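Content type PDB, C-alpha atoms and all ligand atoms, from the file start_21.pdb:
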ATOM      1  CA  MET A   1      38.758  -1.886  19.994  1.00  0.00           C
ATOM      2  CA  SER A   2      39.823   0.795  17.544  1.00  0.00           C
ATOM      3  CA  LYS A   3      43.022   0.275  15.632  1.00  0.00           C
ATOM      4  CA  ILE A   4      45.031   3.490  15.318  1.00  0.00           C
ATOM      5  CA  ALA A   5      47.233   4.513  12.434  1.00  0.00           C
ATOM      6  CA  ILE A   6      49.863   7.195  12.518  1.00  0.00           C
ATOM      7  CA  ILE A   7      50.977   8.712   9.246  1.00  0.00           C
ATOM      8  CA  GLY A   8      54.364  10.268   9.858  1.00  0.00           C
ATOM      9  CA  GLY A   9      55.456  13.276   7.849  1.00  0.00           C
ATOM     10  CA  THR A  10      58.683  15.227   7.582  1.00  0.00           C
ATOM     11  CA  GLY A  11      60.628  14.695  10.813  1.00  0.00           C
ATOM     12  CA  LEU A  12      58.660  11.610  11.879  1.00  0.00           C
ATOM     13  CA  SER A  13      59.863   8.606   9.903  1.00  0.00           C
ATOM     14  CA  GLN A  14      59.433   6.194  12.800  1.00  0.00           C
ATOM     15  CA  MET A  15      57.426   6.085  15.979  1.00  0.00           C
ATOM     16  CA  GLN A  16      59.342   6.123  19.233  1.00  0.00           C
ATOM     17  CA  GLY A  17      58.099   3.668  21.850  1.00  0.00           C
ATOM     18  CA  LEU A  18      56.353   1.453  19.326  1.00  0.00           C
ATOM     19  CA  THR A  19      57.081  -2.266  19.648  1.00  0.00           C
ATOM     20  CA  ILE A  20      57.315  -3.488  16.086  1.00  0.00           C
ATOM     21  CA  ASN A  21      55.654  -6.857  15.482  1.00  0.00           C
ATOM     22  CA  ALA A  22      55.760  -7.012  11.682  1.00  0.00           C
ATOM     23  CA  THR A  23      56.128  -4.983   8.530  1.00  0.00           C
ATOM     24  CA  LYS A  24      53.674  -5.453   5.708  1.00  0.00           C
ATOM     25  CA  ILE A  25      54.171  -4.629   2.046  1.00  0.00           C
ATOM     26  CA  LEU A  26      50.728  -4.157   0.500  1.00  0.00           C
ATOM     27  CA  ASP A  27      49.834  -3.731  -3.138  1.00  0.00           C
ATOM     28  CA  THR A  28      46.496  -1.996  -3.691  1.00  0.00           C
ATOM     29  CA  PRO A  29      44.176  -1.448  -6.676  1.00  0.00           C
ATOM     30  CA  PHE A  30      45.730   2.049  -6.765  1.00  0.00           C
ATOM     31  CA  GLY A  31      49.354   0.963  -6.725  1.00  0.00           C
ATOM     32  CA  MET A  32      51.964   0.815  -4.014  1.00  0.00           C
ATOM     33  CA  PRO A  33      51.744   2.799  -0.757  1.00  0.00           C
ATOM     34  CA  SER A  34      54.625   5.081   0.264  1.00  0.00           C
ATOM     35  CA  ALA A  35      56.373   2.397   2.341  1.00  0.00           C
ATOM     36  CA  PRO A  36      55.775  -0.932   4.062  1.00  0.00           C
ATOM     37  CA  PHE A  37      53.245  -0.577   6.886  1.00  0.00           C
ATOM     38  CA  ILE A  38      54.807  -0.985  10.326  1.00  0.00           C
ATOM     39  CA  LEU A  39      52.517  -3.092  12.502  1.00  0.00           C
ATOM     40  CA  GLY A  40      53.205  -2.573  16.164  1.00  0.00           C
ATOM     41  CA  SER A  41      51.819  -2.196  19.620  1.00  0.00           C
ATOM     42  CA  MET A  42      52.017   0.436  22.297  1.00  0.00           C
ATOM     43  CA  HIS A  43      50.367   0.329  25.735  1.00  0.00           C
ATOM     44  CA  ASN A  44      48.517  -2.836  24.616  1.00  0.00           C
ATOM     45  CA  LYS A  45      46.972  -1.070  21.628  1.00  0.00           C
ATOM     46  CA  GLU A  46      47.543  -2.028  18.031  1.00  0.00           C
ATOM     47  CA  VAL A  47      49.178   0.760  16.075  1.00  0.00           C
ATOM     48  CA  VAL A  48      50.025   0.928  12.373  1.00  0.00           C
ATOM     49  CA  PHE A  49      52.709   3.376  11.289  1.00  0.00           C
ATOM     50  CA  LEU A  50      53.272   4.643   7.759  1.00  0.00           C
ATOM     51  CA  ALA A  51      56.010   7.015   6.573  1.00  0.00           C
ATOM     52  CA  ARG A  52      54.153   9.307   4.169  1.00  0.00           C
ATOM     53  CA  HIS A  53      57.235  10.331   2.204  1.00  0.00           C
ATOM     54  CA  GLY A  54      58.644   6.790   2.131  1.00  0.00           C
ATOM     55  CA  ASN A  55      61.538   5.321   4.025  1.00  0.00           C
ATOM     56  CA  PRO A  56      64.037   6.735   3.158  1.00  0.00           C
ATOM     57  CA  HIS A  57      62.280  10.096   2.852  1.00  0.00           C
ATOM     58  CA  ILE A  58      62.274  10.494  -0.961  1.00  0.00           C
ATOM     59  CA  ILE A  59      58.669  10.946  -2.186  1.00  0.00           C
ATOM     60  CA  PRO A  60      57.744  14.628  -2.700  1.00  0.00           C
ATOM     61  CA  PRO A  61      54.239  15.770  -1.636  1.00  0.00           C
ATOM     62  CA  HIS A  62      52.746  15.850  -5.150  1.00  0.00           C
ATOM     63  CA  LYS A  63      53.991  12.304  -5.929  1.00  0.00           C
ATOM     64  CA  ILE A  64      52.668  10.586  -2.813  1.00  0.00           C
ATOM     65  CA  ASN A  65      50.201   7.833  -3.631  1.00  0.00           C
ATOM     66  CA  TYR A  66      47.586   9.070  -1.158  1.00  0.00           C
ATOM     67  CA  ARG A  67      44.949   6.626  -2.396  1.00  0.00           C
ATOM     68  CA  ALA A  68      47.196   3.588  -1.903  1.00  0.00           C
ATOM     69  CA  ASN A  69      48.188   4.794   1.568  1.00  0.00           C
ATOM     70  CA  ILE A  70      44.615   5.289   2.790  1.00  0.00           C
ATOM     71  CA  TRP A  71      43.304   2.157   1.046  1.00  0.00           C
ATOM     72  CA  GLY A  72      46.107   0.114   2.623  1.00  0.00           C
ATOM     73  CA  LEU A  73      45.265   1.391   6.098  1.00  0.00           C
ATOM     74  CA  LYS A  74      41.593   0.482   5.599  1.00  0.00           C
ATOM     75  CA  GLN A  75      42.673  -2.963   4.400  1.00  0.00           C
ATOM     76  CA  LEU A  76      44.645  -3.417   7.617  1.00  0.00           C
ATOM     77  CA  GLY A  77      41.537  -2.779   9.718  1.00  0.00           C
ATOM     78  CA  VAL A  78      42.474   0.683  10.916  1.00  0.00           C
ATOM     79  CA  SER A  79      39.577   2.860  12.099  1.00  0.00           C
ATOM     80  CA  GLU A  80      41.386   6.039  13.200  1.00  0.00           C
ATOM     81  CA  ILE A  81      44.211   7.959  11.554  1.00  0.00           C
ATOM     82  CA  ILE A  82      46.384  10.592  13.190  1.00  0.00           C
ATOM     83  CA  ALA A  83      48.281  12.416  10.477  1.00  0.00           C
ATOM     84  CA  VAL A  84      51.412  14.293  11.477  1.00  0.00           C
ATOM     85  CA  ALA A  85      52.446  17.183   9.247  1.00  0.00           C
ATOM     86  CA  ALA A  86      55.084  19.926   9.156  1.00  0.00           C
ATOM     87  CA  VAL A  87      53.622  23.286   8.106  1.00  0.00           C
ATOM     88  CA  GLY A  88      54.471  26.943   7.646  1.00  0.00           C
ATOM     89  CA  GLY A  89      52.890  29.434  10.066  1.00  0.00           C
ATOM     90  CA  ILE A  90      50.851  32.302   8.605  1.00  0.00           C
ATOM     91  CA  THR A  91      48.872  33.945  11.430  1.00  0.00           C
ATOM     92  CA  PRO A  92      50.563  35.353  14.574  1.00  0.00           C
ATOM     93  CA  GLU A  93      49.819  32.422  16.920  1.00  0.00           C
ATOM     94  CA  MET A  94      51.476  29.939  14.538  1.00  0.00           C
ATOM     95  CA  LEU A  95      55.070  30.396  15.548  1.00  0.00           C
ATOM     96  CA  PRO A  96      57.866  27.962  14.751  1.00  0.00           C
ATOM     97  CA  ALA A  97      57.872  24.696  16.742  1.00  0.00           C
ATOM     98  CA  HIS A  98      54.272  25.345  17.892  1.00  0.00           C
ATOM     99  CA  LEU A  99      51.720  22.486  17.623  1.00  0.00           C
ATOM    100  CA  VAL A 100      48.293  22.901  16.030  1.00  0.00           C
ATOM    101  CA  LEU A 101      45.210  20.709  15.587  1.00  0.00           C
ATOM    102  CA  PRO A 102      43.685  22.300  12.495  1.00  0.00           C
ATOM    103  CA  ASP A 103      39.903  22.223  12.184  1.00  0.00           C
ATOM    104  CA  GLN A 104      39.466  23.384   8.586  1.00  0.00           C
ATOM    105  CA  ILE A 105      41.111  23.017   5.184  1.00  0.00           C
ATOM    106  CA  ILE A 106      41.386  25.049   2.006  1.00  0.00           C
ATOM    107  CA  ASP A 107      42.762  22.976  -0.852  1.00  0.00           C
ATOM    108  CA  TYR A 108      45.020  24.681  -3.421  1.00  0.00           C
ATOM    109  CA  SER A 109      46.622  21.464  -4.690  1.00  0.00           C
ATOM    110  CA  TYR A 110      45.962  20.191  -8.208  1.00  0.00           C
ATOM    111  CA  GLY A 111      46.544  17.203 -10.451  1.00  0.00           C
ATOM    112  CA  ARG A 112      46.520  14.687  -7.608  1.00  0.00           C
ATOM    113  CA  GLU A 113      44.458  11.489  -7.600  1.00  0.00           C
ATOM    114  CA  HIS A 114      42.028  12.849  -5.048  1.00  0.00           C
ATOM    115  CA  THR A 115      39.057  10.449  -4.909  1.00  0.00           C
ATOM    116  CA  PHE A 116      38.161   6.762  -4.765  1.00  0.00           C
ATOM    117  CA  PHE A 117      34.881   7.591  -6.496  1.00  0.00           C
ATOM    118  CA  ALA A 118      36.159   8.101 -10.035  1.00  0.00           C
ATOM    119  CA  ASP A 119      35.788   4.904 -12.075  1.00  0.00           C
ATOM    120  CA  ASP A 120      33.469   1.891 -12.325  1.00  0.00           C
ATOM    121  CA  LEU A 121      30.761   3.629 -10.313  1.00  0.00           C
ATOM    122  CA  GLU A 122      27.240   2.339  -9.924  1.00  0.00           C
ATOM    123  CA  GLN A 123      26.234   5.909  -9.143  1.00  0.00           C
ATOM    124  CA  VAL A 124      27.908   9.289  -8.738  1.00  0.00           C
ATOM    125  CA  THR A 125      29.054   9.519  -5.129  1.00  0.00           C
ATOM    126  CA  HIS A 126      29.613  12.658  -3.051  1.00  0.00           C
ATOM    127  CA  ILE A 127      30.731  12.916   0.552  1.00  0.00           C
ATOM    128  CA  ASP A 128      29.988  15.639   3.062  1.00  0.00           C
ATOM    129  CA  PHE A 129      33.207  17.493   3.939  1.00  0.00           C
ATOM    130  CA  THR A 130      31.883  20.372   6.071  1.00  0.00           C
ATOM    131  CA  PHE A 131      34.149  19.298   8.919  1.00  0.00           C
ATOM    132  CA  PRO A 132      37.183  17.686   7.256  1.00  0.00           C
ATOM    133  CA  TYR A 133      38.670  16.416  10.517  1.00  0.00           C
ATOM    134  CA  ASN A 134      36.860  14.002  12.812  1.00  0.00           C
ATOM    135  CA  GLN A 135      35.484  15.971  15.749  1.00  0.00           C
ATOM    136  CA  SER A 136      35.576  13.173  18.341  1.00  0.00           C
ATOM    137  CA  LEU A 137      39.162  12.277  17.459  1.00  0.00           C
ATOM    138  CA  ARG A 138      40.112  15.953  17.765  1.00  0.00           C
ATOM    139  CA  SER A 139      38.383  16.161  21.170  1.00  0.00           C
ATOM    140  CA  ARG A 140      40.318  13.144  22.446  1.00  0.00           C
ATOM    141  CA  LEU A 141      43.579  14.651  21.211  1.00  0.00           C
ATOM    142  CA  ILE A 142      42.720  17.944  22.933  1.00  0.00           C
ATOM    143  CA  GLN A 143      42.010  16.032  26.166  1.00  0.00           C
ATOM    144  CA  ALA A 144      45.429  14.365  25.917  1.00  0.00           C
ATOM    145  CA  THR A 145      47.144  17.742  25.502  1.00  0.00           C
ATOM    146  CA  THR A 146      45.305  19.227  28.494  1.00  0.00           C
ATOM    147  CA  LYS A 147      46.148  16.258  30.722  1.00  0.00           C
ATOM    148  CA  ASN A 148      49.815  16.439  29.759  1.00  0.00           C
ATOM    149  CA  ASN A 149      50.206  20.219  29.722  1.00  0.00           C
ATOM    150  CA  ILE A 150      51.111  20.282  26.053  1.00  0.00           C
ATOM    151  CA  ASN A 151      50.719  23.716  24.510  1.00  0.00           C
ATOM    152  CA  ILE A 152      48.682  23.454  21.298  1.00  0.00           C
ATOM    153  CA  SER A 153      46.317  25.580  19.204  1.00  0.00           C
ATOM    154  CA  THR A 154      43.049  23.714  18.853  1.00  0.00           C
ATOM    155  CA  VAL A 155      41.719  25.513  15.791  1.00  0.00           C
ATOM    156  CA  GLY A 156      43.288  26.647  12.544  1.00  0.00           C
ATOM    157  CA  THR A 157      42.694  26.525   8.826  1.00  0.00           C
ATOM    158  CA  TYR A 158      45.210  24.453   6.876  1.00  0.00           C
ATOM    159  CA  GLY A 159      45.895  25.603   3.311  1.00  0.00           C
ATOM    160  CA  CYS A 160      47.251  22.800   1.149  1.00  0.00           C
ATOM    161  CA  THR A 161      49.587  23.916  -1.645  1.00  0.00           C
ATOM    162  CA  GLN A 162      51.019  21.798  -4.425  1.00  0.00           C
ATOM    163  CA  GLY A 163      54.723  22.030  -3.665  1.00  0.00           C
ATOM    164  CA  PRO A 164      57.410  20.942  -3.703  1.00  0.00           C
ATOM    165  CA  ARG A 165      58.490  24.583  -3.826  1.00  0.00           C
ATOM    166  CA  LEU A 166      57.491  26.816  -0.938  1.00  0.00           C
ATOM    167  CA  GLU A 167      55.146  29.732  -1.635  1.00  0.00           C
ATOM    168  CA  THR A 168      55.818  33.289  -2.741  1.00  0.00           C
ATOM    169  CA  ALA A 169      55.219  36.097  -0.247  1.00  0.00           C
ATOM    170  CA  ALA A 170      52.235  37.245  -2.361  1.00  0.00           C
ATOM    171  CA  GLU A 171      50.716  33.749  -2.316  1.00  0.00           C
ATOM    172  CA  ILE A 172      50.891  33.782   1.480  1.00  0.00           C
ATOM    173  CA  VAL A 173      49.206  37.224   1.599  1.00  0.00           C
ATOM    174  CA  LYS A 174      46.432  35.770  -0.547  1.00  0.00           C
ATOM    175  CA  MET A 175      46.150  32.649   1.605  1.00  0.00           C
ATOM    176  CA  GLU A 176      45.909  34.757   4.769  1.00  0.00           C
ATOM    177  CA  ARG A 177      43.172  36.811   3.141  1.00  0.00           C
ATOM    178  CA  ASP A 178      41.400  33.542   2.330  1.00  0.00           C
ATOM    179  CA  GLY A 179      41.514  32.600   6.020  1.00  0.00           C
ATOM    180  CA  CYS A 180      44.463  30.200   6.162  1.00  0.00           C
ATOM    181  CA  ASP A 181      46.461  30.005   9.394  1.00  0.00           C
ATOM    182  CA  LEU A 182      48.844  27.302   8.212  1.00  0.00           C
ATOM    183  CA  VAL A 183      50.323  26.151   4.938  1.00  0.00           C
ATOM    184  CA  GLY A 184      51.394  22.609   4.114  1.00  0.00           C
ATOM    185  CA  MET A 185      51.624  20.336   1.097  1.00  0.00           C
ATOM    186  CA  THR A 186      50.266  16.957   2.179  1.00  0.00           C
ATOM    187  CA  GLY A 187      46.946  17.572   3.954  1.00  0.00           C
ATOM    188  CA  MET A 188      44.989  16.975   0.769  1.00  0.00           C
ATOM    189  CA  PRO A 189      43.728  14.739  -0.666  1.00  0.00           C
ATOM    190  CA  GLU A 190      44.687  12.632   2.361  1.00  0.00           C
ATOM    191  CA  ALA A 191      41.907  13.976   4.619  1.00  0.00           C
ATOM    192  CA  ALA A 192      39.213  13.641   1.951  1.00  0.00           C
ATOM    193  CA  LEU A 193      40.254  10.106   0.995  1.00  0.00           C
ATOM    194  CA  ALA A 194      40.055   9.035   4.647  1.00  0.00           C
ATOM    195  CA  LYS A 195      36.549  10.486   4.853  1.00  0.00           C
ATOM    196  CA  GLU A 196      35.542   8.690   1.644  1.00  0.00           C
ATOM    197  CA  LEU A 197      36.453   5.384   3.319  1.00  0.00           C
ATOM    198  CA  ASN A 198      34.743   6.330   6.609  1.00  0.00           C
ATOM    199  CA  LEU A 199      37.991   6.493   8.546  1.00  0.00           C
ATOM    200  CA  LYS A 200      38.253   8.932  11.434  1.00  0.00           C
ATOM    201  CA  TYR A 201      41.059  11.349  10.599  1.00  0.00           C
ATOM    202  CA  ALA A 202      42.762  14.224  12.431  1.00  0.00           C
ATOM    203  CA  THR A 203      45.989  16.129  11.826  1.00  0.00           C
ATOM    204  CA  ILE A 204      48.603  17.253  14.325  1.00  0.00           C
ATOM    205  CA  ALA A 205      50.655  19.958  12.655  1.00  0.00           C
ATOM    206  CA  VAL A 206      54.036  21.212  13.782  1.00  0.00           C
ATOM    207  CA  VAL A 207      55.038  24.661  12.582  1.00  0.00           C
ATOM    208  CA  ALA A 208      58.412  24.361  10.868  1.00  0.00           C
ATOM    209  CA  ASN A 209      58.889  27.977   9.786  1.00  0.00           C
ATOM    210  CA  TRP A 210      57.191  31.316   9.305  1.00  0.00           C
ATOM    211  CA  ALA A 211      55.515  31.124   5.888  1.00  0.00           C
ATOM    212  CA  ALA A 212      57.056  33.108   3.026  1.00  0.00           C
ATOM    213  CA  GLY A 213      57.180  36.842   3.724  1.00  0.00           C
ATOM    214  CA  LYS A 214      56.258  36.429   7.400  1.00  0.00           C
ATOM    215  CA  SER A 215      59.843  36.818   8.576  1.00  0.00           C
ATOM    216  CA  GLU A 216      62.843  38.760   7.312  1.00  0.00           C
ATOM    217  CA  GLY A 217      64.340  37.473   4.074  1.00  0.00           C
ATOM    218  CA  GLU A 218      64.128  33.956   2.681  1.00  0.00           C
ATOM    219  CA  ILE A 219      63.237  30.705   4.423  1.00  0.00           C
ATOM    220  CA  ALA A 220      66.277  28.684   5.489  1.00  0.00           C
ATOM    221  CA  MET A 221      65.910  24.913   5.099  1.00  0.00           C
ATOM    222  CA  ASP A 222      68.147  24.178   8.098  1.00  0.00           C
ATOM    223  CA  GLU A 223      65.873  26.357  10.249  1.00  0.00           C
ATOM    224  CA  ILE A 224      62.897  24.207   9.172  1.00  0.00           C
ATOM    225  CA  GLU A 225      64.731  21.075  10.240  1.00  0.00           C
ATOM    226  CA  GLN A 226      65.552  22.462  13.686  1.00  0.00           C
ATOM    227  CA  HIS A 227      62.009  23.655  14.438  1.00  0.00           C
ATOM    228  CA  VAL A 228      60.510  20.352  13.298  1.00  0.00           C
ATOM    229  CA  LYS A 229      62.941  18.529  15.556  1.00  0.00           C
ATOM    230  CA  ASN A 230      61.960  20.722  18.521  1.00  0.00           C
ATOM    231  CA  GLY A 231      58.225  20.349  17.897  1.00  0.00           C
ATOM    232  CA  MET A 232      58.455  16.625  17.228  1.00  0.00           C
ATOM    233  CA  ALA A 233      59.407  15.835  20.830  1.00  0.00           C
ATOM    234  CA  ASN A 234      56.018  17.282  21.885  1.00  0.00           C
ATOM    235  CA  ILE A 235      54.239  15.382  19.129  1.00  0.00           C
ATOM    236  CA  THR A 236      55.730  12.102  20.297  1.00  0.00           C
ATOM    237  CA  GLN A 237      54.626  12.925  23.857  1.00  0.00           C
ATOM    238  CA  LEU A 238      51.122  13.741  22.620  1.00  0.00           C
ATOM    239  CA  LEU A 239      50.837  10.591  20.493  1.00  0.00           C
ATOM    240  CA  THR A 240      52.011   8.434  23.392  1.00  0.00           C
ATOM    241  CA  ALA A 241      49.499  10.057  25.762  1.00  0.00           C
ATOM    242  CA  PHE A 242      46.712   9.688  23.200  1.00  0.00           C
ATOM    243  CA  ILE A 243      47.394   6.003  22.609  1.00  0.00           C
ATOM    244  CA  ASN A 244      47.683   5.389  26.357  1.00  0.00           C
ATOM    245  CA  ALA A 245      44.358   7.109  27.173  1.00  0.00           C
TER     246      ALA A 245
HETATM  247  N1  LIG A 301      54.895  25.940   2.998  1.00  0.00           N
HETATM  248  C1  LIG A 301      54.361  24.766   2.623  1.00  0.00           C
HETATM  249  N2  LIG A 301      54.631  23.630   3.245  1.00  0.00           N
HETATM  250  C2  LIG A 301      55.439  23.664   4.313  1.00  0.00           C
HETATM  251  C3  LIG A 301      56.024  24.863   4.757  1.00  0.00           C
HETATM  252  C4  LIG A 301      55.726  26.068   4.061  1.00  0.00           C
HETATM  253  O1  LIG A 301      56.205  27.166   4.403  1.00  0.00           O
HETATM  254  N3  LIG A 301      56.796  24.548   5.832  1.00  0.00           N
HETATM  255  C5  LIG A 301      56.665  23.200   6.017  1.00  0.00           C
HETATM  256  N4  LIG A 301      55.849  22.669   5.104  1.00  0.00           N
END

Using structure tokens, write down the structure that the file contains.
Ligand code: HPA
Amino acid sequence: MSKIAIIGGTGLSQMQGLTINATKILDTPFGMPSAPFILGSMHNKEVVFLARHGNPHIIPPHKINYRANIWGLKQLGVSEIIAVAAVGGITPEMLPAHLVLPDQIIDYSYGREHTFFADDLEQVTHIDFTFPYNQSLRSRLIQATTKNNINISTVGTYGCTQGPRLETAAEIVKMERDGCDLVGMTGMPEAALAKELNLKYATIAVVANWAAGKSEGEIAMDEIEQHVKNGMANITQLLTAFINA
């Protein structure tokens, strides 16, 4: 049976309804993961939870040890990862508190340790990344939303910026021109690292705010918090339904 991992982002530092059986601190060849792994069960399925930004929430997006996190999950026997992420909305459908299952990525991040295939190689290794998110995992998530009447966009291109600052209005204009629907800071290299280790990976994004320049004035941080909170209730419902399916 597949073992599911949930990587929680901003607004999801623990998983409601998860019975916690153990916590595991893992060291990896790439250093320490963001937090101890929470080993639990839900509806008779084994679930591993990891707080991407640490617990407490103190690791900024560009400092997250993505390699240690993904390596640790592989070590624990996980085969599927659902990554939860707060994002800014760029295109009209992506309004605050809305949920999205992105299907594509454009990576604008830099200077991050973004591959396992860097050192001590027997040969240069490339992976296919045409479809960055696992299609069968996405289909099962879509089924769970349909069954539970959860409103979600099932396509969207996620643009990953470096952070921790938000973008300028001009950067968002450029990203929209590039084809981005959403902007976040943690989608990469996480998705690529999962693919390098043959782990099925999909992202559920919750829109926290209109991206820079898409609403009047500046972006208010307390507004982000409120929208994430509102969207997170639906994410928890979706995750529960997915695990129960
Ligand atoms: N930009 C980048 N990352 C984000 C945003 C944003 O507007 N909102 C939440 N995460």

Practice prompt. Step by step, work through what the PyMOL selection byres (((not hetatm)) within 8 of (chain A and resi 301)) selects in the shown file, and finish by giving those residues as a PyMOL selection string.
Written response: chain A and resi 85-89+160-161+163-167+183-185+207-212+219+224

List as a list of chain:residue names the protein and nucleic acid residues near Leu199 (chain A), meaning an atom at most 12 Å away when only C-alpha atoms are counted, but skip any in the same chain fewer than 6 places from it.
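Returned residues: A:Ser2, A:Lys3, A:Ile4, A:Ala5, A:Ile70, A:Trp71, A:Gly72, A:Leu73, A:Lys74, A:Gln75, A:Leu76, A:Gly77, A:Val78, A:Ser79, A:Glu80, A:Ile81, A:Ile82, A:Pro132, A:Tyr133, A:Asn134, A:Leu137, A:Glu190, A:Ala191, A:Ala192, A:Leu193.
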
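Contact shell of region 22-26 of chain A at 8 Å (only C-alpha atoms; same-chain neighbours under 5 positions omitted): Met32, Pro33, Ala35, Pro36, Phe37, Ile38, Leu39, Gly40 and Gly72 of chain A.
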
*Interatomic distance, CA of Glu196 (chain A) to CA of Pro102 (chain A) (Å, one decimal)*: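 Spanning CA of Glu196 (chain A) to CA of Pro102 (chain A) is a straight-line distance of 19.2 Å.
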
Discussion item. Calculated over only C-alpha atoms, which of the candidates A:Thr28, A:Gln14, A:Ser34, A:Asn234 has the smallest distance to Ile204 (chain A)?
Written reply: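 Ranked by minimum distance to Ile204 (chain A), first place goes to A:Asn234.
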
At most 12 Å from (44.9, 8.8, 25.3), file frame, all atoms listed in the file: which residues, as a compact mmCIF listing (two decimals) with C-alpha atoms, keeping the file's coordinate frame?
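The new file point11.txt reads:
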# COMPACT_ATOMS: atom_id res chain seq x y z
CA ILE A 4 45.03 3.49 15.32
CA MET A 42 52.02 0.44 22.30
CA HIS A 43 50.37 0.33 25.74
CA LYS A 45 46.97 -1.07 21.63
CA LEU A 137 39.16 12.28 17.46
CA ARG A 138 40.11 15.95 17.76
CA SER A 139 38.38 16.16 21.17
CA ARG A 140 40.32 13.14 22.45
CA LEU A 141 43.58 14.65 21.21
CA ILE A 142 42.72 17.94 22.93
CA GLN A 143 42.01 16.03 26.17
CA ALA A 144 45.43 14.36 25.92
CA THR A 145 47.14 17.74 25.50
CA THR A 146 45.30 19.23 28.49
CA LYS A 147 46.15 16.26 30.72
CA ASN A 148 49.82 16.44 29.76
CA GLN A 237 54.63 12.92 23.86
CA LEU A 238 51.12 13.74 22.62
CA LEU A 239 50.84 10.59 20.49
CA THR A 240 52.01 8.43 23.39
CA ALA A 241 49.50 10.06 25.76
CA PHE A 242 46.71 9.69 23.20
CA ILE A 243 47.39 6.00 22.61
CA ASN A 244 47.68 5.39 26.36
CA ALA A 245 44.36 7.11 27.17

Given the PyMOL selection byres (((chain A and resi 228-233) around 6) and not hetatm), the residues it picks as a PyMOL selection string = chain A and resi 97+206+208+225-227+234-236

Please check which residues have atoms at most 10 Å from (41.6, 27.3, 21.5) in the file's coordinates, counting only C-alpha atoms, and write them as a PyMOL selection string. chain A and resi 100-101+142+152-156

Matched chain/residue IDs from the PyMOL selection byres (((chain A and resi 158) around 6) and not hetatm), as a PyMOL selection string | chain A and resi 105+157+159+180+182-183

Selected residue, from A:Thr186, A:Asn21, A:Ser136, A:Asn151, that lies nearest to Arg52 (chain A) when counting all atoms listed in the file: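 For Arg52 (chain A), the nearest of the candidates is A:Thr186.
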
Quick one, how far is CA of Ile172 (chain A) from CA of Lys214 (chain A)?
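Answer for the CA of Ile172 (chain A) to CA of Lys214 (chain A) separation: 8.4 Å.
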
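Take the candidates A:Ile58, A:Ala68, A:Ile6, A:Leu99 and check each one against Ser41 (chain A) using only C-alpha atoms; the shortest distance goes to A:Ile6.
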
Q.
List the spatial neighbours of Arg112 (chain A) as a PyMOL selection string - criterion: any atom at most 7 Å away, all atoms listed in the file, same-chain residues fewer than 2 positions off excluded.
A. chain A and resi 62+110+114

How big is the axis-aligned box around all listed atoms of region 128-132 of chain A once 8 Å goes on each side, and where's its centre, in Å to one decimal, as AutoDock Vina command-line options?
--center_x 33.6 --center_y 18.0 --center_z 6.0 --size_x 23.2 --size_y 20.7 --size_z 21.9

**Request:** Quick one: everything within 7 Å of His53 (chain A), counting all atoms listed in the file, minus sequence neighbours fewer than 3 positions away in the same chain. Send it as JSON, numbers by chain.
**Result:** {"A": [9, 34, 57, 58, 59, 60, 64]}

Pick the closest to Tyr201 (chain A) from A:His98, A:Gln162, A:Ala83, A:Ile127: which is it, counting only C-alpha atoms?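 Of A:His98, A:Gln162, A:Ala83, A:Ile127, the one nearest Tyr201 (chain A) is A:Ala83, counting only C-alpha atoms.
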
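Restricting the calculation to all atoms listed in the file, the smallest distance between Val84 (chain A) and any of A:Phe129, A:Ala169, A:Pro189, A:Ala51 is found for A:Ala51.
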
Please, what distance in Å, to one decimal, runs between CA of Met188 (chain A) and CA of Phe116 (chain A)?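 We find that CA of Met188 (chain A) and CA of Phe116 (chain A) lie 13.5 Å from each other.
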